[in-house]
Amino acid sequence: MRLSRSLVPTLKENPAEALIASHRLMLRAGLVRQVAAGIYAWLPAGWRVLHNIMDVVRQEQDRVGAQELLMPTMQSADLWREAGRYDAYGPEMLRIKDRHERDLIYGPTNELQIADLMRQSIRSYKELPQTLYHIQWKFRDETRPRFGVMRGREFLMKDGYSFDLDQEGAVRSYRTMMLSYLRTFRRLGVRAVPMAADTGPIGGDLSHEFHILAPTGESQVFYDSQVEEVEIGTDLDHTDPAALERFFQAVTKPYAATDEKHDLAAWAQVPEERRREGRGIEVGQVFNFGTLYSELVGLKVPGPDQAAVHPNMGSYGIGVSRLVGALIEAHHDEAGIIWPDEVAPFRAAILNLKQGDVATDAVCEQAYRHFAGQALYDDRAERAGVKFADADLMGHPWQLVVGPRGAAAGTVELKRRATGERQELPLEAALTHIL
RNA sequence: CGGGGCGUAGUACAGCCUGGUAGUACGCUUGCUUCGGGAGCAAGAGGUCGGAGGUUCGAAUCCUCUCGCCCCGACCA
């Protein structure tokens, strides 16, 4: 993208409504604009970030055999009534009437829909296990939206659901998802610690929340520093139950809990020098809730012995739009955002220090073509300082600085945003470096 | 939902108490100069002061109602 022709409305000053770093920087870097309380428009650069996160999530889901589908945002109230959840859910659920006075809801979650879908579709235990997921907008009418996209009313969430014949299979699905999630967060450039968690209104008895540690987190978290040393299992074969179990034990054995589940007795067992306490941003949660929902919607299949079986379900969520804020909370400095490589809206910014200079323009155009849409070309006829400030603010992992001096000598300056390191090198070398 | 705060130009704010032609800075436009890490000078554009009603000769300013946004708490990916 050429910056001169892009909708990237950066701000030099901090908007008054934004108090925490990620909210401030998202507005200042031109990623989002607020439309109403807790509702945001994603501008081109912000939308690219969201896409990049979705891509990583998708790849890691597909890798462990989950199938993507897409369920609608709007749901019929009937299903919720049938399951006895329409009145139970409370005012957080946005209820709408269509022109025929039929009750609809904007989905706050999808486990009823997916269970209903499976009820209509699967006919035998031989079709299990299956795990399905989608990435879709949700709406929860929070009493108090805040912190920008971190607690919006409308938010993008990846939610997945597993269906197993029995508890043993369900535990395996649960562990597989744990692995997938930890891989996902790792690729997104953050360490998310799984913590024992309350199961909340969804019910069930096995649940972990994934927290990114940041001072602005909403939960108080306690953990044994050993969890930080666990190998994430990038190459682990998830179809090997023994390897999966070893991994799961290693990840969940060290003490880690949010304040809701904090156990003082267990905490006291953790050696003092390994005790860590801080704030965490919840970016994901995994549940196993047994046969609760299959029973609610009447999902059952004939088992091996002819008897009808309610599949054992698990539910797995990642707050995709919240992650954008959480990643910024975890990666920024005074100058702006520092994107992890996989999520950056652009791999590099090309800064043309003298637009109109034939040699400089030529080098920039060459680099621009080379990146084929993966770079933001700052082709504005501005002072260098403005460009550097914007590039730092937007947090591109690399900055390719092209000026007339270098263009004449056949070199460009390459700057790494995260470290501030700069080096002067030939264009070709710089390009290989970035890719 | 309880408590607090705020709505004036794209952004940050002043003006309101004590009514009298809507201001400052940054950003934006144009020109000249400058030009390798948030330039200087000059000239401009840009606002139904959140909305409605009222008081008044006259309302951003006073009164009433209303809408919206932010913060703290209780609740949640």
# chains A, B, ... in the order shown; residues from 1 in each chain; ligands from 1
call {"tool": "interface_residues", "arguments": {"of": "chain B", "to": "chain A", "cutoff": "12 Å", "atoms": "only C-alpha atoms (C1' of nucleotides)", "output": "number ranges by chain"}}
result
B: 1-2, 5-7, 10-13, 25-27, 34-39, 68-77
call {"tool": "residues_around", "arguments": {"residues": "Ala77 (chain A)", "least_positions_apart": "6", "cutoff": "8 Å", "atoms": "only C-alpha atoms (C1' of nucleotides)", "output": "NGL selection string"}}
result
:A and (86 or 103-105)
call {"tool": "closest_residue", "arguments": {"among": "A:Leu43, A:Leu299, A:Leu351, A:Leu327", "to": "Ala192 (chain A)", "atoms": "only C-alpha atoms"}}
result
A:Leu327
call {"tool": "residues_around", "arguments": {"residues": "Ile212 (chain A)", "least_positions_apart": "5", "cutoff": "12 Å", "atoms": "only C-alpha atoms (C1' of nucleotides)", "output": "ChimeraX atom specification"}}
result
/A:182,185-186,188-195,217-221,228,258,278-284,319,322-331
call {"tool": "write_last_selection", "arguments": {"atoms": "N, CA and C atoms", "output": "short mmCIF file (atom, residue, chain, number, x, y, z; two decimals), in the first residue's frame"}}
result
data_model
loop_
_atom_site.label_atom_id
_atom_site.label_comp_id
_atom_site.auth_asym_id
_atom_site.auth_seq_id
_atom_site.Cartn_x
_atom_site.Cartn_y
_atom_site.Cartn_z
N LEU A 182 -1.52 -23.24 22.74
CA LEU A 182 -0.19 -22.77 23.14
C LEU A 182 0.69 -22.52 21.92
N PHE A 185 -0.56 -19.10 20.40
CA PHE A 185 -0.09 -17.90 21.10
C PHE A 185 1.40 -17.69 20.91
N ARG A 186 2.13 -18.80 20.90
CA ARG A 186 3.56 -18.69 20.68
C ARG A 186 3.84 -18.04 19.33
N LEU A 188 2.00 -16.08 17.74
CA LEU A 188 1.57 -14.68 17.75
C LEU A 188 2.54 -13.81 18.54
N GLY A 189 3.59 -14.43 19.04
CA GLY A 189 4.63 -13.63 19.68
C GLY A 189 4.41 -13.36 21.16
N VAL A 190 3.53 -14.14 21.78
CA VAL A 190 3.31 -13.93 23.21
C VAL A 190 3.32 -15.28 23.94
N ARG A 191 3.60 -15.19 25.22
CA ARG A 191 3.47 -16.38 26.05
C ARG A 191 2.16 -16.25 26.81
N ALA A 192 1.27 -17.19 26.57
CA ALA A 192 0.01 -17.19 27.30
C ALA A 192 0.05 -18.37 28.27
N VAL A 193 -0.17 -18.09 29.53
CA VAL A 193 -0.07 -19.12 30.55
C VAL A 193 -1.44 -19.73 30.81
N PRO A 194 -1.56 -21.06 30.71
CA PRO A 194 -2.84 -21.69 31.03
C PRO A 194 -3.03 -21.72 32.54
N MET A 195 -4.21 -21.33 32.97
CA MET A 195 -4.47 -21.27 34.40
C MET A 195 -5.76 -22.00 34.73
N GLY A 217 -3.83 -6.01 32.76
CA GLY A 217 -4.75 -7.14 32.76
C GLY A 217 -5.86 -6.96 33.79
N GLU A 218 -6.98 -7.62 33.52
CA GLU A 218 -8.13 -7.45 34.39
C GLU A 218 -8.17 -8.47 35.52
N SER A 219 -7.36 -9.51 35.40
CA SER A 219 -7.39 -10.53 36.44
C SER A 219 -6.07 -10.53 37.21
N GLN A 220 -6.18 -10.85 38.47
CA GLN A 220 -4.98 -11.07 39.27
C GLN A 220 -4.58 -12.52 39.05
N VAL A 221 -3.32 -12.76 38.73
CA VAL A 221 -2.90 -14.14 38.46
C VAL A 221 -1.70 -14.52 39.32
N GLU A 228 6.85 -21.07 32.75
CA GLU A 228 7.46 -20.29 31.67
C GLU A 228 8.52 -21.10 30.94
N THR A 258 -5.96 -18.03 38.49
CA THR A 258 -6.45 -16.67 38.63
C THR A 258 -6.98 -16.51 40.05
N GLY A 278 0.85 -11.28 39.31
CA GLY A 278 0.70 -10.11 38.45
C GLY A 278 -0.68 -10.04 37.85
N ARG A 279 -0.78 -9.25 36.79
CA ARG A 279 -2.06 -9.10 36.12
C ARG A 279 -2.03 -9.86 34.81
N GLY A 280 -3.17 -10.40 34.43
CA GLY A 280 -3.24 -11.16 33.19
C GLY A 280 -4.42 -10.74 32.34
N ILE A 281 -4.22 -10.78 31.03
CA ILE A 281 -5.31 -10.53 30.09
C ILE A 281 -5.78 -11.87 29.57
N GLU A 282 -7.03 -12.18 29.75
CA GLU A 282 -7.53 -13.47 29.31
C GLU A 282 -7.77 -13.43 27.81
N VAL A 283 -7.06 -14.28 27.09
CA VAL A 283 -7.21 -14.27 25.63
C VAL A 283 -7.80 -15.58 25.11
N GLY A 284 -8.03 -16.51 26.00
CA GLY A 284 -8.63 -17.75 25.54
C GLY A 284 -9.09 -18.57 26.71
N GLY A 319 -10.20 -15.05 21.98
CA GLY A 319 -10.69 -13.71 21.71
C GLY A 319 -9.81 -13.04 20.67
N ARG A 322 -9.78 -9.20 20.84
CA ARG A 322 -9.13 -8.81 22.09
C ARG A 322 -7.62 -9.00 21.99
N LEU A 323 -7.20 -10.03 21.26
CA LEU A 323 -5.78 -10.31 21.12
C LEU A 323 -5.02 -9.13 20.53
N VAL A 324 -5.66 -8.39 19.64
CA VAL A 324 -4.98 -7.25 19.04
C VAL A 324 -4.56 -6.29 20.15
N GLY A 325 -5.50 -5.99 21.04
CA GLY A 325 -5.16 -5.12 22.17
C GLY A 325 -4.14 -5.76 23.10
N ALA A 326 -4.32 -7.03 23.36
CA ALA A 326 -3.43 -7.72 24.30
C ALA A 326 -2.00 -7.77 23.76
N LEU A 327 -1.86 -8.00 22.46
CA LEU A 327 -0.52 -8.05 21.86
C LEU A 327 0.16 -6.70 21.98
N ILE A 328 -0.61 -5.64 21.81
CA ILE A 328 -0.02 -4.30 21.92
C ILE A 328 0.35 -4.02 23.37
N GLU A 329 -0.51 -4.44 24.30
CA GLU A 329 -0.16 -4.27 25.71
C GLU A 329 1.18 -4.94 26.01
N ALA A 330 1.39 -6.10 25.39
CA ALA A 330 2.61 -6.86 25.65
C ALA A 330 3.80 -6.33 24.86
N HIS A 331 3.56 -5.66 23.74
CA HIS A 331 4.65 -5.23 22.86
C HIS A 331 4.51 -3.79 22.40
#
call {"tool": "select_by_dssp", "arguments": {"residues": "region 5-206 of chain A", "states": "helix (DSSP H, G or I)", "output": "ChimeraX atom specification"}}
result
/A:5,21-28,44-63,77-82,111-121,125-127,148-150,167-187,200-202
call {"tool": "residues_around", "arguments": {"residues": "G47 (chain B)", "least_positions_apart": "4", "cutoff": "12 Å", "atoms": "only C-alpha atoms (C1' of nucleotides)", "output": "PDB file with C-alpha atoms (C1' of nucleotides), in the first residue's frame"}}
result
ATOM      1  C1'   U B   8     -16.817  23.687  21.942  1.00  0.00           C
ATOM      2  C1'   A B   9     -12.756  22.591  14.413  1.00  0.00           C
ATOM      3  C1'   G B  10      -9.602  16.293  12.500  1.00  0.00           C
ATOM      4  C1'   A B  22     -16.270  31.454  18.892  1.00  0.00           C
ATOM      5  C1'   G B  23     -10.469  31.232  20.556  1.00  0.00           C
ATOM      6  C1'   A B  60     -21.347  28.059  24.185  1.00  0.00           C
TER       7        A B  60
END
call {"tool": "select_by_dssp", "arguments": {"residues": "region 103-250 of chain A", "states": "strand (DSSP E or B)", "output": "compact mmCIF listing (two decimals) with N, CA and C atoms, in the first residue's frame"}}
result
# COMPACT_ATOMS: atom_id res chain seq x y z
N ASP A 103 -38.73 -13.43 17.41
CA ASP A 103 -37.58 -13.09 18.25
C ASP A 103 -36.30 -13.66 17.66
N LEU A 104 -35.31 -12.80 17.55
CA LEU A 104 -33.98 -13.21 17.10
C LEU A 104 -32.99 -12.74 18.15
N ILE A 105 -31.82 -13.33 18.12
CA ILE A 105 -30.77 -12.81 18.96
C ILE A 105 -29.50 -12.65 18.13
N TYR A 106 -28.66 -11.71 18.54
CA TYR A 106 -27.32 -11.61 17.97
C TYR A 106 -26.46 -12.48 18.89
N GLN A 130 -15.22 -35.48 16.40
CA GLN A 130 -15.07 -34.37 15.47
C GLN A 130 -14.87 -33.09 16.27
N THR A 131 -14.08 -32.21 15.70
CA THR A 131 -13.94 -30.88 16.29
C THR A 131 -14.21 -29.86 15.20
N LEU A 132 -15.07 -28.91 15.50
CA LEU A 132 -15.44 -27.88 14.54
C LEU A 132 -15.19 -26.52 15.16
N TYR A 133 -14.87 -25.56 14.31
CA TYR A 133 -14.69 -24.21 14.86
C TYR A 133 -15.12 -23.19 13.82
N HIS A 134 -15.39 -22.00 14.29
CA HIS A 134 -15.56 -20.89 13.35
C HIS A 134 -15.01 -19.62 13.98
N ILE A 135 -14.82 -18.63 13.13
CA ILE A 135 -14.35 -17.33 13.59
C ILE A 135 -15.44 -16.35 13.20
N GLN A 136 -16.12 -15.84 14.18
CA GLN A 136 -17.31 -15.04 13.88
C GLN A 136 -17.49 -13.94 14.93
N TRP A 137 -18.17 -12.89 14.52
CA TRP A 137 -18.44 -11.79 15.44
C TRP A 137 -19.50 -12.20 16.45
N LYS A 138 -19.27 -11.76 17.67
CA LYS A 138 -20.20 -12.03 18.76
C LYS A 138 -20.66 -10.69 19.32
N PHE A 139 -21.78 -10.71 20.00
CA PHE A 139 -22.21 -9.48 20.66
C PHE A 139 -22.66 -9.82 22.07
N ARG A 146 -15.04 -1.29 27.87
CA ARG A 146 -13.90 -0.40 28.17
C ARG A 146 -12.62 -0.92 27.56
N ARG A 151 -12.35 -4.97 25.73
CA ARG A 151 -13.65 -5.33 26.26
C ARG A 151 -14.73 -4.62 25.48
N GLU A 154 -19.14 -5.75 20.73
CA GLU A 154 -19.01 -6.58 19.55
C GLU A 154 -17.56 -7.02 19.45
N PHE A 155 -17.32 -8.30 19.33
CA PHE A 155 -15.93 -8.76 19.29
C PHE A 155 -15.83 -10.00 18.41
N LEU A 156 -14.64 -10.20 17.86
CA LEU A 156 -14.41 -11.34 16.99
C LEU A 156 -13.81 -12.46 17.82
N MET A 157 -14.42 -13.63 17.71
CA MET A 157 -13.97 -14.74 18.53
C MET A 157 -13.88 -16.00 17.67
N LYS A 158 -12.83 -16.76 17.97
CA LYS A 158 -12.76 -18.10 17.40
C LYS A 158 -13.37 -19.01 18.44
N ASP A 159 -14.44 -19.69 18.10
CA ASP A 159 -14.96 -20.66 19.05
C ASP A 159 -15.05 -22.02 18.40
N GLY A 160 -14.56 -23.03 19.13
CA GLY A 160 -14.50 -24.38 18.61
C GLY A 160 -15.20 -25.33 19.57
N TYR A 161 -15.65 -26.45 19.00
CA TYR A 161 -16.42 -27.41 19.79
C TYR A 161 -16.00 -28.81 19.42
N SER A 162 -15.75 -29.62 20.45
CA SER A 162 -15.37 -31.00 20.17
C SER A 162 -16.49 -31.94 20.60
N PHE A 163 -16.61 -33.03 19.87
CA PHE A 163 -17.64 -34.03 20.15
C PHE A 163 -16.96 -35.39 20.22
N ASP A 164 -17.03 -36.00 21.38
CA ASP A 164 -16.41 -37.31 21.56
C ASP A 164 -17.42 -38.29 22.11
N ALA A 192 1.27 -17.19 26.57
CA ALA A 192 0.01 -17.19 27.30
C ALA A 192 0.05 -18.37 28.27
N VAL A 193 -0.17 -18.09 29.53
CA VAL A 193 -0.07 -19.12 30.55
C VAL A 193 -1.44 -19.73 30.81
N PRO A 194 -1.56 -21.06 30.71
CA PRO A 194 -2.84 -21.69 31.03
C PRO A 194 -3.03 -21.72 32.54
N MET A 195 -4.21 -21.33 32.97
CA MET A 195 -4.47 -21.27 34.40
C MET A 195 -5.76 -22.00 34.73
N ALA A 196 -5.73 -22.70 35.84
CA ALA A 196 -6.95 -23.34 36.31
C ALA A 196 -8.00 -22.26 36.47
N LEU A 206 -13.93 -29.03 33.86
CA LEU A 206 -12.53 -28.97 33.46
C LEU A 206 -12.35 -27.73 32.61
N SER A 207 -11.53 -26.84 33.07
CA SER A 207 -11.40 -25.58 32.34
C SER A 207 -10.08 -24.88 32.63
N HIS A 208 -9.51 -24.31 31.60
CA HIS A 208 -8.33 -23.46 31.75
C HIS A 208 -8.54 -22.15 31.00
N GLU A 209 -8.01 -21.10 31.59
CA GLU A 209 -7.98 -19.82 30.90
C GLU A 209 -6.54 -19.57 30.47
N PHE A 210 -6.36 -18.86 29.36
CA PHE A 210 -5.02 -18.51 28.90
C PHE A 210 -4.82 -17.02 29.12
N HIS A 211 -3.81 -16.71 29.87
CA HIS A 211 -3.56 -15.30 30.20
C HIS A 211 -2.23 -14.81 29.67
N ILE A 212 -2.29 -13.63 29.06
CA ILE A 212 -1.07 -12.93 28.68
C ILE A 212 -0.76 -11.98 29.82
N LEU A 213 0.48 -11.99 30.28
CA LEU A 213 0.82 -11.16 31.42
C LEU A 213 1.07 -9.73 30.98
N SER A 219 -7.36 -9.51 35.40
CA SER A 219 -7.39 -10.53 36.44
C SER A 219 -6.07 -10.53 37.21
N GLN A 220 -6.18 -10.85 38.47
CA GLN A 220 -4.98 -11.07 39.27
C GLN A 220 -4.58 -12.52 39.05
N VAL A 221 -3.32 -12.76 38.73
CA VAL A 221 -2.90 -14.14 38.46
C VAL A 221 -1.70 -14.52 39.32
N PHE A 222 -1.63 -15.81 39.64
CA PHE A 222 -0.56 -16.35 40.47
C PHE A 222 -0.01 -17.57 39.75
N TYR A 223 1.30 -17.66 39.61
CA TYR A 223 1.83 -18.86 38.96
C TYR A 223 3.26 -19.16 39.40
N ASP A 224 3.60 -20.41 39.18
CA ASP A 224 4.94 -20.92 39.43
C ASP A 224 5.77 -20.61 38.19
call {"tool": "closest_residue", "arguments": {"among": "B:C49, B:G54, B:G19, B:G44", "to": "G31 (chain B)", "atoms": "only C-alpha atoms (C1' of nucleotides)"}}
result
B:G44
